[in-house]
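See below for start.pdb, which holds PDB, C-alpha atoms.
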ATOM      1  CA  MET A   5      20.537   6.916  23.558
ATOM      2  CA  PRO A   6      22.409   4.021  21.870
ATOM      3  CA  THR A   7      24.652   5.009  18.972
ATOM      4  CA  ALA A   8      24.930   3.114  15.701
ATOM      5  CA  SER A   9      28.204   1.281  15.171
ATOM      6  CA  ARG A  10      27.388   0.113  11.653
ATOM      7  CA  THR A  11      25.145   1.087   8.760
ATOM      8  CA  ILE A  12      23.561  -1.656   6.664
ATOM      9  CA  PRO A  13      22.356  -0.728   3.154
ATOM     10  CA  PHE A  14      18.965  -1.914   1.989
ATOM     11  CA  VAL A  15      16.676  -1.647  -1.028
ATOM     12  CA  THR A  16      12.961  -2.359  -1.199
ATOM     13  CA  VAL A  17      11.086  -3.476  -4.273
ATOM     14  CA  ASP A  18       7.508  -4.350  -5.161
ATOM     15  CA  VAL A  19       7.631  -7.774  -6.812
ATOM     16  CA  PHE A  20       5.431  -9.426  -9.458
ATOM     17  CA  THR A  21       4.245  -6.069 -10.728
ATOM     18  CA  ASP A  22       5.381  -3.182 -12.887
ATOM     19  CA  ASN A  23       3.352  -0.682 -10.850
ATOM     20  CA  ARG A  24       4.558   0.905  -7.624
ATOM     21  CA  PHE A  25       2.548   0.071  -4.504
ATOM     22  CA  ALA A  26       1.195  -3.120  -6.031
ATOM     23  CA  GLY A  27       2.639  -6.639  -5.951
ATOM     24  CA  ASN A  28       4.509  -7.978  -2.930
ATOM     25  CA  PRO A  29       6.956  -5.732  -1.021
ATOM     26  CA  LEU A  30      10.429  -7.116  -0.353
ATOM     27  CA  ALA A  31      13.364  -5.729   1.614
ATOM     28  CA  VAL A  32      16.813  -6.697   0.325
ATOM     29  CA  ILE A  33      19.846  -6.280   2.577
ATOM     30  CA  THR A  34      22.455  -5.982  -0.148
ATOM     31  CA  ASP A  35      25.434  -6.695   2.109
ATOM     32  CA  GLY A  36      24.620  -9.090   4.920
ATOM     33  CA  ARG A  37      28.207  -9.870   5.882
ATOM     34  CA  GLY A  38      28.774  -9.972   9.621
ATOM     35  CA  LEU A  39      25.128 -10.278  10.572
ATOM     36  CA  SER A  40      24.211 -13.085  12.941
ATOM     37  CA  ASP A  41      21.090 -15.191  12.537
ATOM     38  CA  ALA A  42      19.558 -13.213  15.403
ATOM     39  CA  ASP A  43      20.434  -9.918  13.658
ATOM     40  CA  MET A  44      18.805 -11.070  10.440
ATOM     41  CA  GLN A  45      15.672 -12.213  12.222
ATOM     42  CA  GLN A  46      15.361  -8.913  14.085
ATOM     43  CA  ILE A  47      15.777  -6.924  10.875
ATOM     44  CA  ALA A  48      13.151  -9.022   9.088
ATOM     45  CA  THR A  49      10.785  -8.527  12.011
ATOM     46  CA  GLU A  50      11.424  -4.781  11.907
ATOM     47  CA  PHE A  51      10.531  -4.551   8.222
ATOM     48  CA  GLY A  52       7.466  -6.719   8.744
ATOM     49  CA  TYR A  53       7.251  -7.756   5.092
ATOM     50  CA  SER A  54       6.346 -11.332   4.242
ATOM     51  CA  GLU A  55      10.070 -11.845   3.532
ATOM     52  CA  THR A  56      13.374 -10.013   3.795
ATOM     53  CA  THR A  57      16.532 -11.270   2.078
ATOM     54  CA  PHE A  58      20.169 -11.025   3.102
ATOM     55  CA  VAL A  59      22.830 -11.181   0.396
ATOM     56  CA  ARG A  60      26.243 -12.554   1.323
ATOM     57  CA  PRO A  61      29.296 -13.752  -0.613
ATOM     58  CA  PRO A  62      28.864 -17.247  -2.074
ATOM     59  CA  LYS A  63      30.562 -20.246  -0.562
ATOM     60  CA  ASP A  64      31.371 -21.418  -4.107
ATOM     61  CA  GLU A  65      32.958 -18.757  -6.316
ATOM     62  CA  ALA A  66      31.091 -20.195  -9.307
ATOM     63  CA  ASN A  67      27.887 -18.783  -7.823
ATOM     64  CA  THR A  68      26.717 -15.184  -7.498
ATOM     65  CA  ALA A  69      25.763 -14.969  -3.830
ATOM     66  CA  GLU A  70      24.402 -16.744  -0.813
ATOM     67  CA  VAL A  71      20.883 -15.550  -0.049
ATOM     68  CA  ARG A  72      19.152 -16.051   3.294
ATOM     69  CA  ILE A  73      15.373 -15.532   3.449
ATOM     70  CA  PHE A  74      13.518 -14.573   6.634
ATOM     71  CA  THR A  75       9.832 -14.029   7.354
ATOM     72  CA  PRO A  76       8.934 -11.859  10.364
ATOM     73  CA  VAL A  77       9.203 -14.958  12.574
ATOM     74  CA  THR A  78      11.495 -17.545  10.963
ATOM     75  CA  GLU A  79      13.963 -18.408   8.215
ATOM     76  CA  VAL A  80      12.647 -20.271   5.170
ATOM     77  CA  PRO A  81      14.671 -22.388   2.725
ATOM     78  CA  PHE A  82      13.170 -20.959  -0.465
ATOM     79  CA  ALA A  83      10.513 -18.521  -1.625
ATOM     80  CA  GLY A  84       9.556 -17.140  -5.010
ATOM     81  CA  HIS A  85       9.130 -13.396  -4.675
ATOM     82  CA  PRO A  86      12.341 -12.944  -2.620
ATOM     83  CA  ASN A  87      14.358 -14.518  -5.428
ATOM     84  CA  VAL A  88      12.646 -12.593  -8.219
ATOM     85  CA  GLY A  89      13.030  -9.308  -6.322
ATOM     86  CA  THR A  90      16.578  -9.896  -5.050
ATOM     87  CA  ALA A  91      17.752 -10.798  -8.562
ATOM     88  CA  HIS A  92      16.168  -7.580  -9.841
ATOM     89  CA  VAL A  93      17.971  -5.498  -7.209
ATOM     90  CA  LEU A  94      21.359  -7.097  -7.875
ATOM     91  CA  SER A  95      20.879  -6.777 -11.633
ATOM     92  CA  THR A  96      20.607  -3.002 -11.279
ATOM     93  CA  ALA A  97      24.088  -2.923  -9.703
ATOM     94  CA  ALA A  98      27.312  -2.965 -11.698
ATOM     95  CA  SER A  99      28.796  -5.628  -9.430
ATOM     96  CA  ILE A 100      28.224  -7.654  -6.295
ATOM     97  CA  PHE A 101      31.120  -8.399  -3.936
ATOM     98  CA  GLY A 102      33.529  -7.269  -6.651
ATOM     99  CA  LYS A 103      32.096  -9.472  -9.403
ATOM    100  CA  PRO A 104      30.033  -8.205 -12.351
ATOM    101  CA  VAL A 105      26.391  -9.241 -12.416
ATOM    102  CA  GLY A 106      25.521 -10.854 -15.727
ATOM    103  CA  GLU A 107      22.362 -12.160 -17.303
ATOM    104  CA  HIS A 108      22.579 -15.453 -15.395
ATOM    105  CA  ILE A 109      22.589 -15.480 -11.597
ATOM    106  CA  ARG A 110      23.035 -18.361  -9.155
ATOM    107  CA  PHE A 111      21.911 -18.076  -5.533
ATOM    108  CA  GLU A 112      22.990 -20.496  -2.823
ATOM    109  CA  GLU A 113      19.980 -21.085  -0.547
ATOM    110  CA  LYS A 114      18.917 -23.502   2.163
ATOM    111  CA  ALA A 115      16.768 -25.404  -0.346
ATOM    112  CA  GLY A 116      19.576 -25.670  -2.888
ATOM    113  CA  LEU A 117      20.963 -23.734  -5.835
ATOM    114  CA  VAL A 118      18.505 -21.299  -7.442
ATOM    115  CA  LYS A 119      19.240 -20.401 -11.068
ATOM    116  CA  ILE A 120      17.956 -17.082 -12.358
ATOM    117  CA  SER A 121      17.940 -15.389 -15.755
ATOM    118  CA  VAL A 122      17.577 -11.644 -16.265
ATOM    119  CA  ARG A 123      15.596 -10.016 -19.071
ATOM    120  CA  ARG A 124      16.525  -6.462 -20.024
ATOM    121  CA  ASN A 125      14.863  -3.713 -22.003
ATOM    122  CA  ALA A 126      16.550  -2.095 -24.982
ATOM    123  CA  ASP A 127      17.973   0.613 -22.707
ATOM    124  CA  GLY A 128      19.562  -1.988 -20.430
ATOM    125  CA  SER A 129      17.081  -1.612 -17.563
ATOM    126  CA  VAL A 130      15.752  -4.788 -15.987
ATOM    127  CA  ALA A 131      12.462  -5.943 -17.523
ATOM    128  CA  GLY A 132      12.037  -8.978 -15.298
ATOM    129  CA  THR A 133      13.668 -12.037 -13.832
ATOM    130  CA  THR A 134      12.983 -15.757 -14.134
ATOM    131  CA  ILE A 135      13.893 -18.292 -11.474
ATOM    132  CA  ARG A 136      13.829 -22.066 -11.490
ATOM    133  CA  ALA A 137      12.421 -23.680  -8.352
ATOM    134  CA  PRO A 138      15.222 -25.655  -6.694
ATOM    135  CA  GLY A 139      13.338 -28.696  -5.468
ATOM    136  CA  PRO A 140      11.556 -31.624  -7.059
ATOM    137  CA  LEU A 141       7.806 -31.823  -6.669
ATOM    138  CA  THR A 142       6.874 -33.549  -3.435
ATOM    139  CA  THR A 143       3.337 -34.167  -2.240
ATOM    140  CA  GLY A 144       2.063 -35.169   1.171
ATOM    141  CA  ALA A 145      -1.229 -35.870   2.839
ATOM    142  CA  THR A 146      -4.603 -34.825   1.542
ATOM    143  CA  VAL A 147      -7.032 -32.898   3.736
ATOM    144  CA  MET A 148     -10.757 -33.484   3.979
ATOM    145  CA  PRO A 149     -12.856 -30.706   2.385
ATOM    146  CA  GLU A 150     -14.787 -30.268   5.631
ATOM    147  CA  THR A 151     -11.560 -29.774   7.558
ATOM    148  CA  ILE A 152      -9.994 -27.198   5.239
ATOM    149  CA  ALA A 153     -13.327 -25.394   4.831
ATOM    150  CA  ALA A 154     -13.443 -24.812   8.591
ATOM    151  CA  CYS A 155      -9.882 -23.465   8.452
ATOM    152  CA  LEU A 156     -10.917 -20.937   5.801
ATOM    153  CA  GLY A 157     -14.353 -19.917   7.016
ATOM    154  CA  LEU A 158     -16.003 -21.566   4.023
ATOM    155  CA  ARG A 159     -18.700 -24.186   3.515
ATOM    156  CA  PRO A 160     -17.508 -27.667   2.495
ATOM    157  CA  ASP A 161     -19.387 -27.336  -0.818
ATOM    158  CA  GLN A 162     -17.196 -24.316  -1.665
ATOM    159  CA  ILE A 163     -14.114 -26.568  -1.828
ATOM    160  CA  GLU A 164     -13.662 -27.996  -5.326
ATOM    161  CA  THR A 165     -12.523 -31.626  -5.348
ATOM    162  CA  ALA A 166     -13.309 -32.762  -8.904
ATOM    163  CA  ARG A 167      -9.658 -32.323  -9.947
ATOM    164  CA  HIS A 168      -7.937 -32.989  -6.632
ATOM    165  CA  ALA A 169      -8.432 -32.982  -2.888
ATOM    166  CA  PRO A 170      -6.682 -30.290  -0.819
ATOM    167  CA  ILE A 171      -3.092 -31.488  -0.568
ATOM    168  CA  PHE A 172       0.322 -30.626   0.882
ATOM    169  CA  ALA A 173       2.790 -29.929  -1.947
ATOM    170  CA  SER A 174       6.225 -28.360  -2.405
ATOM    171  CA  VAL A 175       8.959 -27.522  -4.895
ATOM    172  CA  GLY A 176      11.134 -26.043  -2.144
ATOM    173  CA  LEU A 177       8.604 -24.718   0.378
ATOM    174  CA  LYS A 178       5.459 -26.559   1.459
ATOM    175  CA  PHE A 179       1.866 -25.317   1.164
ATOM    176  CA  ILE A 180      -1.627 -26.745   1.243
ATOM    177  CA  LEU A 181      -3.094 -26.355  -2.254
ATOM    178  CA  VAL A 182      -6.853 -25.817  -2.205
ATOM    179  CA  GLU A 183      -9.079 -25.307  -5.232
ATOM    180  CA  VAL A 184     -12.260 -23.386  -4.432
ATOM    181  CA  LYS A 185     -15.451 -23.298  -6.484
ATOM    182  CA  ASP A 186     -15.449 -19.716  -7.718
ATOM    183  CA  LEU A 187     -14.383 -16.112  -7.169
ATOM    184  CA  GLU A 188     -17.105 -15.660  -4.556
ATOM    185  CA  ALA A 189     -15.639 -18.435  -2.423
ATOM    186  CA  LEU A 190     -12.138 -17.038  -2.941
ATOM    187  CA  ALA A 191     -13.271 -13.587  -1.765
ATOM    188  CA  MET A 192     -15.086 -15.013   1.292
ATOM    189  CA  ALA A 193     -12.117 -16.994   2.578
ATOM    190  CA  ALA A 194     -10.241 -15.975   5.725
ATOM    191  CA  ALA A 195      -7.822 -17.907   7.919
ATOM    192  CA  ARG A 196      -9.291 -19.308  11.149
ATOM    193  CA  LEU A 197      -6.607 -19.882  13.776
ATOM    194  CA  GLU A 198      -8.294 -22.483  15.989
ATOM    195  CA  PRO A 199      -9.051 -25.043  13.244
ATOM    196  CA  LEU A 200      -5.700 -24.289  11.546
ATOM    197  CA  THR A 201      -3.922 -25.031  14.820
ATOM    198  CA  ALA A 202      -5.741 -28.371  15.038
ATOM    199  CA  LEU A 203      -4.849 -29.103  11.411
ATOM    200  CA  ARG A 204      -1.175 -28.362  12.021
ATOM    201  CA  THR A 205      -1.175 -30.671  15.031
ATOM    202  CA  ALA A 206      -2.944 -33.444  13.127
ATOM    203  CA  HIS A 207      -0.393 -33.192  10.299
ATOM    204  CA  ALA A 208       2.732 -32.590  12.368
ATOM    205  CA  ALA A 209       4.588 -35.131  10.213
ATOM    206  CA  GLU A 210       4.311 -32.716   7.266
ATOM    207  CA  ASP A 211       6.647 -30.273   9.081
ATOM    208  CA  CYS A 212       4.602 -27.401   7.681
ATOM    209  CA  ASP A 213       3.030 -24.285   9.179
ATOM    210  CA  CYS A 214      -0.079 -24.988   7.090
ATOM    211  CA  ALA A 215       0.352 -21.984   4.820
ATOM    212  CA  THR A 216      -2.695 -22.325   2.587
ATOM    213  CA  PHE A 217      -2.828 -21.439  -1.119
ATOM    214  CA  LEU A 218      -6.355 -21.096  -2.482
ATOM    215  CA  TYR A 219      -7.108 -20.754  -6.170
ATOM    216  CA  THR A 220      -9.912 -20.825  -8.709
ATOM    217  CA  TRP A 221      -9.848 -20.947 -12.495
ATOM    218  CA  VAL A 222     -10.757 -17.771 -14.390
ATOM    219  CA  GLY A 223      -9.426 -18.867 -17.797
ATOM    220  CA  THR A 224      -7.889 -21.840 -19.577
ATOM    221  CA  ASP A 225      -4.407 -21.126 -18.195
ATOM    222  CA  HIS A 226      -5.253 -18.398 -15.685
ATOM    223  CA  VAL A 227      -6.053 -18.718 -11.981
ATOM    224  CA  ARG A 228      -6.836 -16.216  -9.239
ATOM    225  CA  ALA A 229      -5.278 -17.050  -5.889
ATOM    226  CA  ARG A 230      -4.860 -16.038  -2.260
ATOM    227  CA  MET A 231      -2.377 -17.236   0.371
ATOM    228  CA  PHE A 232      -2.730 -17.229   4.166
ATOM    229  CA  ALA A 233       0.174 -17.992   6.530
ATOM    230  CA  PRO A 234      -0.871 -16.761   9.977
ATOM    231  CA  PHE A 235       1.700 -18.889  11.824
ATOM    232  CA  ASP A 236       4.426 -17.020   9.891
ATOM    233  CA  ASN A 237       2.844 -13.712  10.922
ATOM    234  CA  VAL A 238       1.629 -13.223   7.339
ATOM    235  CA  ALA A 239      -2.119 -12.723   7.521
ATOM    236  CA  GLU A 240      -2.280 -12.692   3.723
ATOM    237  CA  ASP A 241       0.426 -12.578   1.061
ATOM    238  CA  PRO A 242      -0.133 -10.537  -2.123
ATOM    239  CA  ALA A 243       2.155 -12.744  -4.249
ATOM    240  CA  THR A 244       3.569 -16.176  -3.465
ATOM    241  CA  GLY A 245       5.873 -17.502  -6.160
ATOM    242  CA  SER A 246       6.835 -20.675  -4.303
ATOM    243  CA  ALA A 247       3.189 -21.653  -3.785
ATOM    244  CA  SER A 248       2.351 -20.799  -7.398
ATOM    245  CA  ALA A 249       5.258 -22.973  -8.534
ATOM    246  CA  ALA A 250       4.067 -25.859  -6.357
ATOM    247  CA  LEU A 251       0.610 -25.513  -7.900
ATOM    248  CA  GLY A 252       1.960 -25.454 -11.456
ATOM    249  CA  ALA A 253       4.112 -28.495 -10.792
ATOM    250  CA  PHE A 254       1.305 -30.373  -9.053
ATOM    251  CA  LEU A 255      -1.155 -29.756 -11.885
ATOM    252  CA  THR A 256       1.160 -31.711 -14.191
ATOM    253  CA  THR A 257       0.382 -34.827 -12.135
ATOM    254  CA  LEU A 258      -3.322 -34.587 -12.952
ATOM    255  CA  GLY A 259      -3.016 -35.749 -16.551
ATOM    256  CA  GLY A 260      -2.746 -34.092 -19.938
ATOM    257  CA  ASN A 261      -0.124 -34.328 -22.626
ATOM    258  CA  GLN A 262       1.373 -30.837 -22.644
ATOM    259  CA  ALA A 263       5.166 -30.998 -22.522
ATOM    260  CA  GLU A 264       5.287 -27.231 -21.931
ATOM    261  CA  ARG A 265       2.548 -25.320 -20.131
ATOM    262  CA  HIS A 266       2.249 -21.653 -19.263
ATOM    263  CA  LEU A 267       0.106 -20.653 -16.293
ATOM    264  CA  LEU A 268      -0.734 -17.134 -15.101
ATOM    265  CA  VAL A 269      -1.387 -16.743 -11.381
ATOM    266  CA  GLU A 270      -3.129 -13.503 -10.420
ATOM    267  CA  GLN A 271      -2.906 -12.822  -6.700
ATOM    268  CA  GLY A 272      -3.355  -9.969  -4.226
ATOM    269  CA  VAL A 273      -6.468  -8.545  -5.883
ATOM    270  CA  GLU A 274      -8.511  -8.713  -2.680
ATOM    271  CA  MET A 275      -5.724  -6.814  -0.871
ATOM    272  CA  GLY A 276      -5.530  -4.018  -3.444
ATOM    273  CA  ARG A 277      -2.028  -5.217  -4.465
ATOM    274  CA  ARG A 278      -2.586  -7.064  -7.729
ATOM    275  CA  SER A 279       0.308  -9.353  -8.673
ATOM    276  CA  LEU A 280       1.010 -11.313 -11.842
ATOM    277  CA  ILE A 281       3.098 -14.482 -11.539
ATOM    278  CA  HIS A 282       4.029 -16.292 -14.754
ATOM    279  CA  LEU A 283       4.823 -20.007 -14.594
ATOM    280  CA  ASP A 284       6.360 -22.204 -17.260
ATOM    281  CA  VAL A 285       6.134 -25.888 -16.403
ATOM    282  CA  THR A 286       8.063 -28.537 -18.322
ATOM    283  CA  THR A 287       7.286 -32.248 -18.267
ATOM    284  CA  ARG A 288       9.227 -35.101 -19.807
ATOM    285  CA  ASN A 289       7.529 -38.389 -20.643
ATOM    286  CA  GLY A 290       4.514 -37.244 -18.666
ATOM    287  CA  ARG A 291       6.494 -36.490 -15.485
ATOM    288  CA  PHE A 292       7.234 -33.126 -13.934
ATOM    289  CA  GLU A 293      10.728 -31.889 -14.752
ATOM    290  CA  ARG A 294      10.963 -28.212 -13.797
ATOM    291  CA  VAL A 295       8.994 -25.049 -13.139
ATOM    292  CA  GLU A 296      10.182 -21.529 -13.819
ATOM    293  CA  ILE A 297       8.709 -18.449 -12.132
ATOM    294  CA  SER A 298       8.843 -15.065 -13.878
ATOM    295  CA  GLY A 299       7.848 -11.569 -12.952
ATOM    296  CA  ALA A 300       8.682  -7.890 -12.983
ATOM    297  CA  SER A 301       9.745  -5.762 -10.002
ATOM    298  CA  VAL A 302       9.770  -2.046  -9.237
ATOM    299  CA  LEU A 303      12.339  -0.256  -7.065
ATOM    300  CA  ILE A 304      10.722   1.617  -4.181
ATOM    301  CA  MET A 305      13.276   2.704  -1.555
ATOM    302  CA  ARG A 306      16.995   2.810  -0.830
ATOM    303  CA  GLY A 307      18.352   3.484   2.615
ATOM    304  CA  ALA A 308      20.427   2.276   5.534
ATOM    305  CA  LEU A 309      19.764   0.480   8.790
ATOM    306  CA  TYR A 310      21.693   1.562  11.864
ATOM    307  CA  LEU A 311      22.991  -1.176  14.146
TER     308      LEU A 311
END
Translate this structure into structure tokens?
Amino acid sequence: MPTASRTIPFVTVDVFTDNRFAGNPLAVITDGRGLSDADMQQIATEFGYSETTFVRPPKDEANTAEVRIFTPVTEVPFAGHPNVGTAHVLSTAASIFGKPVGEHIRFEEKAGLVKISVRRNADGSVAGTTIRAPGPLTTGATVMPETIAACLGLRPDQIETARHAPIFASVGLKFILVEVKDLEALAMAAARLEPLTALRTAHAAEDCDCATFLYTWVGTDHVRARMFAPFDNVAEDPATGSASAALGAFLTTLGGNQAERHLLVEQGVEMGRRSLIHLDVTTRNGRFERVEISGASVLIMRGALYL
């Protein structure tokens, strides 16, 4: 039998929840020094979570760490719940790579610098973390309701287009944003690989795996959502901060005069892993300026990998 030459510490957390076994699981490799890209991909595949993060010393000493984010099949430049959860894990430690961890954290990522603030309870424990999406809002092609309905196993009349057509959008990671008519349509939806494959081919210029973020309004500033990313080996994601942030940013382009808007995204209900993602979107002179993503996390496991 092969023997282990190195042990790699890890922590897992459930993100966007304050209840264990809810929210979105995340594995955090707290010291990723010396791991190759292939090593990181294999470890992420082994965990099988929607994402696994690898923490390494920063290239710029002014920052806290470099963070690499891997799905079971590929590396991604940015994602919401990995940042919220990784910041929570590091904030429970006295130091990282010999430096104290304060209330403000800066992660170097493929998409850019991610700034994070930490909220603590009176006893010093971590109450939650808030990240700012690193990218500007970018939008791409729209998708016909009939086309996206086929991809989701829905009828065309279950796609809501009064506010906007289904559209590619990103603030660091790209998704197709789709409003559906009601909770019934949201519950009925399921990813269909054959039409999704055709959609990805038709929109190859978007450079996107057609991860699809569905939502419906359940209150003035409250949506229920689901996210499917079968080409990333994520049949359904219980909490998707990056997609929620793209939605919050995109909604600012649809009119209205609110300079500051709070939006609650409730996700994972259909999976039995309810998640609560809080968004604060800021506009200036009617144009999107920034979106911040907040949530709680719960520690689940500590252990070591043997390589």
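If only C-alpha atoms are the atoms counted, then among A:Ala31, A:Ala189, A:Ala209, A:Leu255 the closest residue to Ala153 of chain A is A:Ala189.
Atom pair atom CA of Ser174 of chain A / atom CA of Pro140 of chain A: separated by 7.8 Å.
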Inset, instruction - Tell me which protein, DNA and RNA residues are within 9 Å of segment 81-85 of chain A, counting all atoms listed in the file, leaving out same-chain ones fewer than 3 positions away, and put them as a VMD selection string. - result: chain A and resid 19 to 20 28 to 30 55 72 to 74 88 to 90 113 to 116 118 135 137 to 138 175 to 177 243 to 249 297 299
Legend entry - Residues near segment 154-165 of chain A, cut-off 6 Å, all atoms listed in the file, skip fewer than 4 positions along chain, as a ChimeraX atom specification: /A:149-150,169,183-185,193-196,199-200
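Nearest to Ala208 of chain A of all the residues A:Phe51, A:Gly144, A:Thr68, A:Thr21 is A:Gly144, counting all atoms listed in the file.
Of the residues under consideration (A:Met192, A:Ala166, A:Ala233, A:Leu197), A:Ala233 shows the shortest atom-to-atom contact distance to Ile180 of chain A when counting all atoms listed in the file.
When the PyMOL selection byres ((chain A and resi 103) around 12) is evaluated on the file shown here, the picked residues come out as Pro61, Pro62, Glu65, Ala66, Asn67, Thr68, Ala69, Leu94, Ser95, Ala97, Ala98, Ser99, Ile100, Phe101, Gly102, Pro104, Val105, Gly106 and Ile109 of chain A.
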From the block you just saw, export segment 19-58 of chain A: C-alpha atoms, as an mmCIF file, in the first residue's frame.
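File written: selection-v2.cif
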data_model
loop_
_atom_site.group_PDB
_atom_site.id
_atom_site.type_symbol
_atom_site.label_atom_id
_atom_site.label_comp_id
_atom_site.auth_asym_id
_atom_site.auth_seq_id
_atom_site.Cartn_x
_atom_site.Cartn_y
_atom_site.Cartn_z
ATOM 1 C CA VAL A 19 -21.865 28.406 4.445
ATOM 2 C CA PHE A 20 -24.777 30.869 4.303
ATOM 3 C CA THR A 21 -26.388 29.313 7.348
ATOM 4 C CA ASP A 22 -26.089 29.254 11.116
ATOM 5 C CA ASN A 23 -27.388 25.676 11.298
ATOM 6 C CA ARG A 24 -25.222 22.603 10.807
ATOM 7 C CA PHE A 25 -26.074 20.425 7.807
ATOM 8 C CA ALA A 26 -27.785 23.288 6.010
ATOM 9 C CA GLY A 27 -26.318 25.866 3.629
ATOM 10 C CA ASN A 28 -23.529 25.006 1.201
ATOM 11 C CA PRO A 29 -20.639 22.744 2.300
ATOM 12 C CA LEU A 30 -17.111 23.987 1.644
ATOM 13 C CA ALA A 31 -13.723 22.358 2.170
ATOM 14 C CA VAL A 32 -10.870 24.733 3.019
ATOM 15 C CA ILE A 33 -7.275 23.555 2.659
ATOM 16 C CA THR A 34 -5.716 25.939 5.151
ATOM 17 C CA ASP A 35 -2.146 25.483 3.919
ATOM 18 C CA GLY A 36 -1.936 24.829 0.199
ATOM 19 C CA ARG A 37 1.784 25.492 -0.152
ATOM 20 C CA GLY A 38 3.553 23.001 -2.382
ATOM 21 C CA LEU A 39 0.431 21.654 -4.035
ATOM 22 C CA SER A 40 0.407 21.563 -7.819
ATOM 23 C CA ASP A 41 -2.627 22.491 -9.887
ATOM 24 C CA ALA A 42 -3.172 18.774 -10.493
ATOM 25 C CA ASP A 43 -2.992 18.088 -6.729
ATOM 26 C CA MET A 44 -5.564 20.773 -6.012
ATOM 27 C CA GLN A 45 -7.910 19.496 -8.689
ATOM 28 C CA GLN A 46 -7.662 15.927 -7.399
ATOM 29 C CA ILE A 47 -8.369 17.039 -3.835
ATOM 30 C CA ALA A 48 -11.391 19.074 -4.939
ATOM 31 C CA THR A 49 -12.672 16.088 -6.894
ATOM 32 C CA GLU A 50 -12.185 13.870 -3.845
ATOM 33 C CA PHE A 51 -14.247 16.162 -1.626
ATOM 34 C CA GLY A 52 -16.921 16.477 -4.294
ATOM 35 C CA TYR A 53 -18.304 19.733 -2.899
ATOM 36 C CA SER A 54 -19.361 22.464 -5.297
ATOM 37 C CA GLU A 55 -16.068 24.190 -4.394
ATOM 38 C CA THR A 56 -12.902 23.585 -2.405
ATOM 39 C CA THR A 57 -10.459 26.387 -1.580
ATOM 40 C CA PHE A 58 -6.694 26.349 -1.182
#
